[in-house]
Structure formats: C-alpha cells, structure tokens
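Okay, data32.pdb is below, PDB, C-alpha atoms and all ligand atoms:
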```
ATOM      1  CA  MET A1442     -57.357  20.907  -5.186  1.00  0.00           C
ATOM      2  CA  LYS A1443     -57.652  17.372  -6.468  1.00  0.00           C
ATOM      3  CA  PHE A1444     -54.650  17.758  -8.759  1.00  0.00           C
ATOM      4  CA  PHE A1445     -52.006  18.144  -6.083  1.00  0.00           C
ATOM      5  CA  PRO A1446     -52.379  14.861  -4.159  1.00  0.00           C
ATOM      6  CA  SER A1447     -52.578  12.798  -7.332  1.00  0.00           C
ATOM      7  CA  PHE A1448     -49.477  14.542  -8.625  1.00  0.00           C
ATOM      8  CA  LEU A1449     -47.662  13.578  -5.430  1.00  0.00           C
ATOM      9  CA  LEU A1450     -48.894  10.027  -5.762  1.00  0.00           C
ATOM     10  CA  SER A1451     -47.613   9.655  -9.314  1.00  0.00           C
ATOM     11  CA  CYS A1452     -44.306  11.105  -8.153  1.00  0.00           C
ATOM     12  CA  LEU A1453     -44.049   8.438  -5.502  1.00  0.00           C
ATOM     13  CA  LEU A1454     -44.951   5.761  -8.027  1.00  0.00           C
ATOM     14  CA  LEU A1455     -42.261   7.004 -10.388  1.00  0.00           C
ATOM     15  CA  ILE A1456     -39.630   6.978  -7.667  1.00  0.00           C
ATOM     16  CA  SER A1457     -40.514   3.501  -6.405  1.00  0.00           C
ATOM     17  CA  GLY A1458     -40.785   2.303  -9.995  1.00  0.00           C
ATOM     18  CA  GLY A1459     -37.301   3.590 -10.688  1.00  0.00           C
ATOM     19  CA  ALA A1460     -35.936   1.947  -7.563  1.00  0.00           C
ATOM     20  CA  PHE A1461     -37.555  -1.330  -8.537  1.00  0.00           C
ATOM     21  CA  ALA A1462     -36.096  -1.185 -12.041  1.00  0.00           C
ATOM     22  CA  GLN A1463     -32.632  -0.656 -10.538  1.00  0.00           C
ATOM     23  CA  THR A1464     -32.940  -3.704  -8.291  1.00  0.00           C
ATOM     24  CA  THR A1465     -34.024  -5.884 -11.207  1.00  0.00           C
ATOM     25  CA  THR A1466     -31.041  -4.769 -13.294  1.00  0.00           C
ATOM     26  CA  LYS A1467     -28.684  -5.567 -10.426  1.00  0.00           C
ATOM     27  CA  VAL A1468     -30.065  -9.092 -10.142  1.00  0.00           C
ATOM     28  CA  LYS A1469     -29.781  -9.641 -13.886  1.00  0.00           C
ATOM     29  CA  THR A1470     -26.081  -8.686 -14.070  1.00  0.00           C
ATOM     30  CA  LYS A1471     -24.628 -11.286 -11.736  1.00  0.00           C
ATOM     31  CA  GLY A1472     -21.009 -10.812 -12.752  1.00  0.00           C
ATOM     32  CA  PRO A1473     -19.408 -11.067 -16.196  1.00  0.00           C
ATOM     33  CA  ALA A1474     -19.470 -14.339 -18.093  1.00  0.00           C
ATOM     34  CA  THR A1475     -16.135 -16.139 -18.180  1.00  0.00           C
ATOM     35  CA  GLU A1476     -14.638 -18.858 -20.314  1.00  0.00           C
ATOM     36  CA  THR A1477     -11.775 -21.235 -19.648  1.00  0.00           C
ATOM     37  CA  LEU A1478      -8.960 -21.939 -22.066  1.00  0.00           C
ATOM     38  CA  GLN A1479      -6.414 -24.735 -21.738  1.00  0.00           C
ATOM     39  CA  LEU A1480      -3.096 -24.443 -23.509  1.00  0.00           C
ATOM     40  CA  LYS A1481      -0.307 -26.989 -23.650  1.00  0.00           C
ATOM     41  CA  THR A1482       2.873 -24.958 -23.204  1.00  0.00           C
ATOM     42  CA  SER A1483       6.604 -25.654 -23.375  1.00  0.00           C
ATOM     43  CA  ALA A1484       7.114 -24.604 -19.745  1.00  0.00           C
ATOM     44  CA  VAL A1485       9.617 -26.748 -17.863  1.00  0.00           C
ATOM     45  CA  CYS A1486      10.007 -25.386 -14.337  1.00  0.00           C
ATOM     46  CA  ASP A1487       8.626 -23.181 -11.580  1.00  0.00           C
ATOM     47  CA  MET A1488      10.323 -20.130 -13.093  1.00  0.00           C
ATOM     48  CA  CYS A1489       8.352 -20.735 -16.282  1.00  0.00           C
ATOM     49  CA  LYS A1490       5.224 -21.081 -14.194  1.00  0.00           C
ATOM     50  CA  ALA A1491       5.821 -17.746 -12.457  1.00  0.00           C
ATOM     51  CA  ARG A1492       6.727 -16.047 -15.759  1.00  0.00           C
ATOM     52  CA  LEU A1493       3.677 -17.299 -17.618  1.00  0.00           C
ATOM     53  CA  GLU A1494       1.212 -16.691 -14.809  1.00  0.00           C
ATOM     54  CA  LYS A1495       2.533 -13.143 -14.414  1.00  0.00           C
ATOM     55  CA  ALA A1496       2.311 -12.486 -18.152  1.00  0.00           C
ATOM     56  CA  MET A1497      -1.279 -13.732 -18.156  1.00  0.00           C
ATOM     57  CA  ALA A1498      -2.152 -11.582 -15.147  1.00  0.00           C
ATOM     58  CA  TYR A1499      -1.145  -8.504 -17.171  1.00  0.00           C
ATOM     59  CA  GLU A1500      -3.317  -9.549 -20.109  1.00  0.00           C
ATOM     60  CA  LYS A1501      -6.579  -7.672 -20.526  1.00  0.00           C
ATOM     61  CA  GLY A1502      -9.629  -9.719 -19.579  1.00  0.00           C
ATOM     62  CA  VAL A1503      -7.783 -12.463 -17.722  1.00  0.00           C
ATOM     63  CA  GLN A1504      -9.316 -13.374 -14.392  1.00  0.00           C
ATOM     64  CA  GLN A1505      -7.126 -16.285 -13.417  1.00  0.00           C
ATOM     65  CA  ALA A1506      -4.202 -18.232 -14.839  1.00  0.00           C
ATOM     66  CA  THR A1507      -2.641 -21.372 -13.450  1.00  0.00           C
ATOM     67  CA  LEU A1508       0.154 -23.441 -14.931  1.00  0.00           C
ATOM     68  CA  ASP A1509       0.592 -27.048 -13.939  1.00  0.00           C
ATOM     69  CA  VAL A1510       4.304 -27.707 -14.463  1.00  0.00           C
ATOM     70  CA  PRO A1511       4.284 -31.557 -14.664  1.00  0.00           C
ATOM     71  CA  SER A1512       1.603 -31.559 -17.391  1.00  0.00           C
ATOM     72  CA  GLN A1513       2.713 -28.173 -18.880  1.00  0.00           C
ATOM     73  CA  MET A1514      -0.952 -27.187 -19.055  1.00  0.00           C
ATOM     74  CA  LEU A1515      -1.870 -23.557 -18.651  1.00  0.00           C
ATOM     75  CA  THR A1516      -5.467 -22.947 -17.614  1.00  0.00           C
ATOM     76  CA  VAL A1517      -6.739 -19.425 -18.174  1.00  0.00           C
ATOM     77  CA  THR A1518     -10.089 -18.088 -17.021  1.00  0.00           C
ATOM     78  CA  TYR A1519     -10.966 -15.022 -19.074  1.00  0.00           C
ATOM     79  CA  ARG A1520     -13.763 -12.707 -20.085  1.00  0.00           C
ATOM     80  CA  PRO A1521     -14.699 -13.374 -23.744  1.00  0.00           C
ATOM     81  CA  ASP A1522     -15.991  -9.788 -24.055  1.00  0.00           C
ATOM     82  CA  LYS A1523     -12.494  -8.445 -23.258  1.00  0.00           C
ATOM     83  CA  THR A1524     -10.144 -10.915 -24.905  1.00  0.00           C
ATOM     84  CA  SER A1525     -10.094 -14.098 -26.995  1.00  0.00           C
ATOM     85  CA  ALA A1526      -8.451 -17.498 -27.108  1.00  0.00           C
ATOM     86  CA  ALA A1527      -6.338 -16.263 -30.046  1.00  0.00           C
ATOM     87  CA  ALA A1528      -5.104 -13.208 -28.105  1.00  0.00           C
ATOM     88  CA  LEU A1529      -4.191 -15.372 -25.113  1.00  0.00           C
ATOM     89  CA  THR A1530      -2.368 -17.865 -27.328  1.00  0.00           C
ATOM     90  CA  THR A1531      -0.346 -14.979 -28.805  1.00  0.00           C
ATOM     91  CA  ALA A1532       0.426 -13.706 -25.303  1.00  0.00           C
ATOM     92  CA  VAL A1533       1.880 -17.112 -24.371  1.00  0.00           C
ATOM     93  CA  GLN A1534       4.000 -17.141 -27.567  1.00  0.00           C
ATOM     94  CA  LYS A1535       5.257 -13.608 -26.837  1.00  0.00           C
ATOM     95  CA  THR A1536       6.331 -14.788 -23.384  1.00  0.00           C
ATOM     96  CA  GLY A1537       8.583 -17.332 -25.102  1.00  0.00           C
ATOM     97  CA  TYR A1538       6.523 -20.496 -24.900  1.00  0.00           C
ATOM     98  CA  ASP A1539       4.678 -22.744 -27.301  1.00  0.00           C
ATOM     99  CA  ALA A1540       0.896 -22.724 -26.974  1.00  0.00           C
ATOM    100  CA  ASN A1541      -0.654 -25.917 -28.298  1.00  0.00           C
ATOM    101  CA  ASP A1542       0.585 -26.183 -31.916  1.00  0.00           C
ATOM    102  CA  GLN A1543       1.685 -22.513 -32.068  1.00  0.00           C
ATOM    103  CA  LEU A1544       5.432 -22.090 -31.670  1.00  0.00           C
ATOM    104  CA  ALA A1545       7.001 -19.602 -29.260  1.00  0.00           C
ATOM    105  CA  ASP A1546       8.048 -16.161 -30.475  1.00  0.00           C
ATOM    106  CA  ASP A1547      11.769 -16.499 -31.397  1.00  0.00           C
ATOM    107  CA  LYS A1548      12.963 -13.307 -29.717  1.00  0.00           C
ATOM    108  CA  ALA A1549      11.062 -13.956 -26.501  1.00  0.00           C
ATOM    109  CA  TYR A1550      12.345 -17.523 -26.448  1.00  0.00           C
ATOM    110  CA  GLU A1551      15.953 -16.292 -26.855  1.00  0.00           C
ATOM    111  CA  ARG A1552      15.556 -14.168 -23.741  1.00  0.00           C
ATOM    112  CA  LEU A1553      14.582 -17.108 -21.543  1.00  0.00           C
ATOM    113  CA  PRO A1554      17.234 -18.359 -19.121  1.00  0.00           C
ATOM    114  CA  GLU A1555      18.990 -21.600 -20.122  1.00  0.00           C
ATOM    115  CA  CYS A1556      17.021 -23.673 -17.606  1.00  0.00           C
ATOM    116  CA  CYS A1557      13.741 -22.633 -19.222  1.00  0.00           C
ATOM    117  CA  LYS A1558      14.594 -23.698 -22.780  1.00  0.00           C
ATOM    118  CA  LYS A1559      12.584 -26.365 -24.536  1.00  0.00           C
ATOM    119  CA  THR A1560      15.651 -28.587 -24.779  1.00  0.00           C
ATOM    120  CA  ASN A1561      15.310 -29.263 -21.057  1.00  0.00           C
ATOM    121  CA  ALA A1562      12.965 -31.868 -19.675  1.00  0.00           C
ATOM    122  CA  VAL A1563      10.358 -30.783 -17.155  1.00  0.00           C
ATOM    123  CA  HIS A1564      12.227 -30.238 -13.886  1.00  0.00           C
TER     124      HIS A1564
HETATM  125 CU    CU A1601      11.615 -22.353 -16.502  1.00  0.00          CU
END
```
For this file, produce the structure as structure tokens.
Ligand SMILES: [Cu+2]
Amino acid sequence: MKFFPSFLLSCLLLISGGAFAQTTTKVKTKGPATETLQLKTSAVCDMCKARLEKAMAYEKGVQQATLDVPSQMLTVTYRPDKTSAAALTTAVQKTGYDANDQLADDKAYERLPECCKKTNAVH
C-alpha cells in the first residue's frame, strides 16, 4: 500500500509544477514588442490628419498613429512581427500622401479633395 500515496504525491507535484510553469510564461510575455516609425508626409490639413490616421488604424499591426499637421510628421507605433516600415510607407502612399522620399500613389492622390493637394501650404 505504499504505492498509492506516493502516486498521489507525484500527481500533486505535477499539477503544481504545471501551474508554476504557466505563471512563469505569463510573466515572460509582457505584451508584444513595438517599434515606432516617423514619416514625413505631404499632409496639409486636419482632413489629411483624419484620413491618414484612419488608414493607419486599418493597417495590420498598427497600434497607434498620430499625425502632427504643422510638421507633417506621422508617428506610427507598430508591431514588427505583424508589419514593417516598408509596408507602412506603402500604406501612406496608397492613401495619397508622400512618405519621406517616396511619392504618393498617383490614383490615390487624384482622389484627394482640392484642399488636401500638395500644391497647398499647410493650413
Ligand atoms: Cu487635407
């Protein structure tokens, strides 16, 4: 009858061991790593700001996007395991805006209202 209690004991050890392992894993994964990308855009007004921030919000892996209209700087916080700086740059171009030295997608740019065209000064 010595077998039974020790069997129970090892069962308990296994269970508590499993629970411990789970807690350690939880501590290790303290949220996904993020990176920040800054892009100089051709945005000129608050409509551009809303348009670009919305477009970024729909992009996979984007956690936050903020456009500062006076400086035309778009700051994107993203998960590098889900997207990349190149993909985000393309997304900005496809919205109709320049991103650093990359020019806006022609068709998307055509669709922008007159007040959002590059020919206008920041307003
Ligand atoms: Cu605009």
Top pick for closest residue to ligand CU 1601 (chain A), considering A:Leu1493, A:Gln1534, A:Tyr1519, A:Met1514 and counting all atoms listed in the file
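For ligand CU 1601 (chain A), the nearest of the candidates is A:Leu1493.
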Apply the PyMOL selection byres (((not hetatm)) within 9 of (chain A and resi 1601)) to the displayed file and report the matching residues as a PyMOL selection string.
chain A and resi 1484-1492+1553-1558+1563-1564
Return the single residue from A:Arg1552, A:Lys1535, A:Lys1559, A:Lys1523 that is closest to A:Pro1473, with distances computed using only C-alpha atoms.
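Result for the nearest residue to A:Pro1473: A:Lys1523.
The shell of residues at most 9 Å from A:Ala1496, with only C-alpha atoms counted and near chain neighbours (fewer than 6 positions) removed, consists of Ala1532, Val1533 and Thr1536 of chain A.
Non-sequential neighbours of stretch 1540-1548 of chain A (distance at most 6 Å, separation of 2 or more positions within a chain, only C-alpha atoms) are Leu1480, Lys1481, Thr1482, Thr1530, Gln1534, Lys1535, Gly1537, Tyr1538, Tyr1550 and Glu1551 of chain A.
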For stretch 1481-1497 of chain A, I'd like the enclosing box, axis-aligned and padded by 5 Å on every side, reported as lines of an AutoDock Vina configuration file with centre and edge lengths in Å to one decimal.
```
center_x = 4.5
center_y = -19.7
center_z = -17.6
size_x = 21.6
size_y = 24.5
size_z = 22.1
```
Please, which residues are within 6 Å of (-1.7, -16.4, -12.4) by the file's coordinates, counting all atoms listed in the file, and could they come as a PyMOL selection string?
chain A and resi 1494-1495+1498+1505-1507
Atomic distance atom CA of A:Leu1478 - atom CA of A:Thr1531, expressed in Å with one decimal:
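Interatomic distance here is 13.0 Å.
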Could you work out how far atom CA of A:Asp1522 lies from atom CA of A:Glu1500, giving the answer in Å with one decimal?
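We find that atom CA of A:Glu1500 and atom CA of A:Asp1522 lie 13.3 Å from each other.
Atom to atom, atom CA of A:Thr1475 and atom CA of A:Ser1512 stand 23.5 Å apart.
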Quick one: residues within 12 Å of (-18.4, -13.6, -17.7) (file frame), counting all atoms listed in the file, please, as an mmCIF file with C-alpha atoms, in the coordinates of the input.
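To be explicit, this is the file written out as point_32.cif:
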```
data_model
loop_
_atom_site.group_PDB
_atom_site.id
_atom_site.type_symbol
_atom_site.label_atom_id
_atom_site.label_comp_id
_atom_site.auth_asym_id
_atom_site.auth_seq_id
_atom_site.Cartn_x
_atom_site.Cartn_y
_atom_site.Cartn_z
ATOM 1 C CA THR A 1470 -26.081 -8.686 -14.070
ATOM 2 C CA LYS A 1471 -24.628 -11.286 -11.736
ATOM 3 C CA GLY A 1472 -21.009 -10.812 -12.752
ATOM 4 C CA PRO A 1473 -19.408 -11.067 -16.196
ATOM 5 C CA ALA A 1474 -19.470 -14.339 -18.093
ATOM 6 C CA THR A 1475 -16.135 -16.139 -18.180
ATOM 7 C CA GLU A 1476 -14.638 -18.858 -20.314
ATOM 8 C CA THR A 1477 -11.775 -21.235 -19.648
ATOM 9 C CA GLY A 1502 -9.629 -9.719 -19.579
ATOM 10 C CA VAL A 1503 -7.783 -12.463 -17.722
ATOM 11 C CA GLN A 1504 -9.316 -13.374 -14.392
ATOM 12 C CA THR A 1518 -10.089 -18.088 -17.021
ATOM 13 C CA TYR A 1519 -10.966 -15.022 -19.074
ATOM 14 C CA ARG A 1520 -13.763 -12.707 -20.085
ATOM 15 C CA PRO A 1521 -14.699 -13.374 -23.744
ATOM 16 C CA ASP A 1522 -15.991 -9.788 -24.055
ATOM 17 C CA LYS A 1523 -12.494 -8.445 -23.258
ATOM 18 C CA THR A 1524 -10.144 -10.915 -24.905
#
```
How would stretch 1468-1490 of chain A look with N, CA and C atoms restored, written as a CSV table (one decimal), keeping the file's coordinate frame?
```csv
chain,number,residue,atom,x,y,z
A,1468,VAL,N,-29.9,-7.6,-10.2
A,1468,VAL,CA,-30.1,-9.1,-10.1
A,1468,VAL,C,-29.7,-9.7,-11.5
A,1469,LYS,N,-30.1,-9.1,-12.6
A,1469,LYS,CA,-29.8,-9.6,-13.9
A,1469,LYS,C,-28.3,-9.7,-14.2
A,1470,THR,N,-27.5,-8.7,-13.8
A,1470,THR,CA,-26.1,-8.7,-14.1
A,1470,THR,C,-25.4,-9.3,-12.9
A,1471,LYS,N,-25.3,-10.6,-12.9
A,1471,LYS,CA,-24.6,-11.3,-11.7
A,1471,LYS,C,-23.2,-11.6,-12.1
A,1472,GLY,N,-22.4,-10.6,-12.4
A,1472,GLY,CA,-21.0,-10.8,-12.8
A,1472,GLY,C,-20.8,-11.2,-14.2
A,1473,PRO,N,-19.7,-10.8,-14.8
A,1473,PRO,CA,-19.4,-11.1,-16.2
A,1473,PRO,C,-19.2,-12.6,-16.5
A,1474,ALA,N,-19.6,-12.9,-17.7
A,1474,ALA,CA,-19.5,-14.3,-18.1
A,1474,ALA,C,-18.0,-14.6,-18.3
A,1475,THR,N,-17.5,-15.8,-17.9
A,1475,THR,CA,-16.1,-16.1,-18.2
A,1475,THR,C,-16.0,-17.5,-18.9
A,1476,GLU,N,-14.9,-17.6,-19.6
A,1476,GLU,CA,-14.6,-18.9,-20.3
A,1476,GLU,C,-13.3,-19.4,-19.9
A,1477,THR,N,-13.0,-20.6,-20.1
A,1477,THR,CA,-11.8,-21.2,-19.6
A,1477,THR,C,-11.1,-21.8,-20.9
A,1478,LEU,N,-9.8,-21.5,-20.9
A,1478,LEU,CA,-9.0,-21.9,-22.1
A,1478,LEU,C,-7.8,-22.8,-21.5
A,1479,GLN,N,-7.5,-23.9,-22.2
A,1479,GLN,CA,-6.4,-24.7,-21.7
A,1479,GLN,C,-5.4,-24.8,-22.9
A,1480,LEU,N,-4.2,-24.5,-22.5
A,1480,LEU,CA,-3.1,-24.4,-23.5
A,1480,LEU,C,-2.0,-25.3,-23.0
A,1481,LYS,N,-1.5,-26.2,-23.9
A,1481,LYS,CA,-0.3,-27.0,-23.6
A,1481,LYS,C,0.9,-26.1,-24.0
A,1482,THR,N,1.7,-25.9,-23.0
A,1482,THR,CA,2.9,-25.0,-23.2
A,1482,THR,C,4.2,-25.8,-23.2
A,1483,SER,N,5.3,-25.0,-23.4
A,1483,SER,CA,6.6,-25.7,-23.4
A,1483,SER,C,7.3,-25.3,-22.1
A,1484,ALA,N,6.5,-25.0,-21.1
A,1484,ALA,CA,7.1,-24.6,-19.7
A,1484,ALA,C,7.8,-25.8,-19.1
A,1485,VAL,N,8.9,-25.6,-18.4
A,1485,VAL,CA,9.6,-26.7,-17.9
A,1485,VAL,C,9.9,-26.7,-16.4
A,1486,CYS,N,9.7,-25.5,-15.8
A,1486,CYS,CA,10.0,-25.4,-14.3
A,1486,CYS,C,9.2,-24.3,-13.6
A,1487,ASP,N,9.4,-24.1,-12.4
A,1487,ASP,CA,8.6,-23.2,-11.6
A,1487,ASP,C,8.9,-21.7,-12.0
A,1488,MET,N,10.1,-21.5,-12.6
A,1488,MET,CA,10.3,-20.1,-13.1
A,1488,MET,C,9.4,-19.8,-14.3
A,1489,CYS,N,9.2,-20.9,-15.1
A,1489,CYS,CA,8.4,-20.7,-16.3
A,1489,CYS,C,6.9,-20.5,-15.8
A,1490,LYS,N,6.6,-21.2,-14.8
A,1490,LYS,CA,5.2,-21.1,-14.2
A,1490,LYS,C,5.0,-19.6,-13.7
```
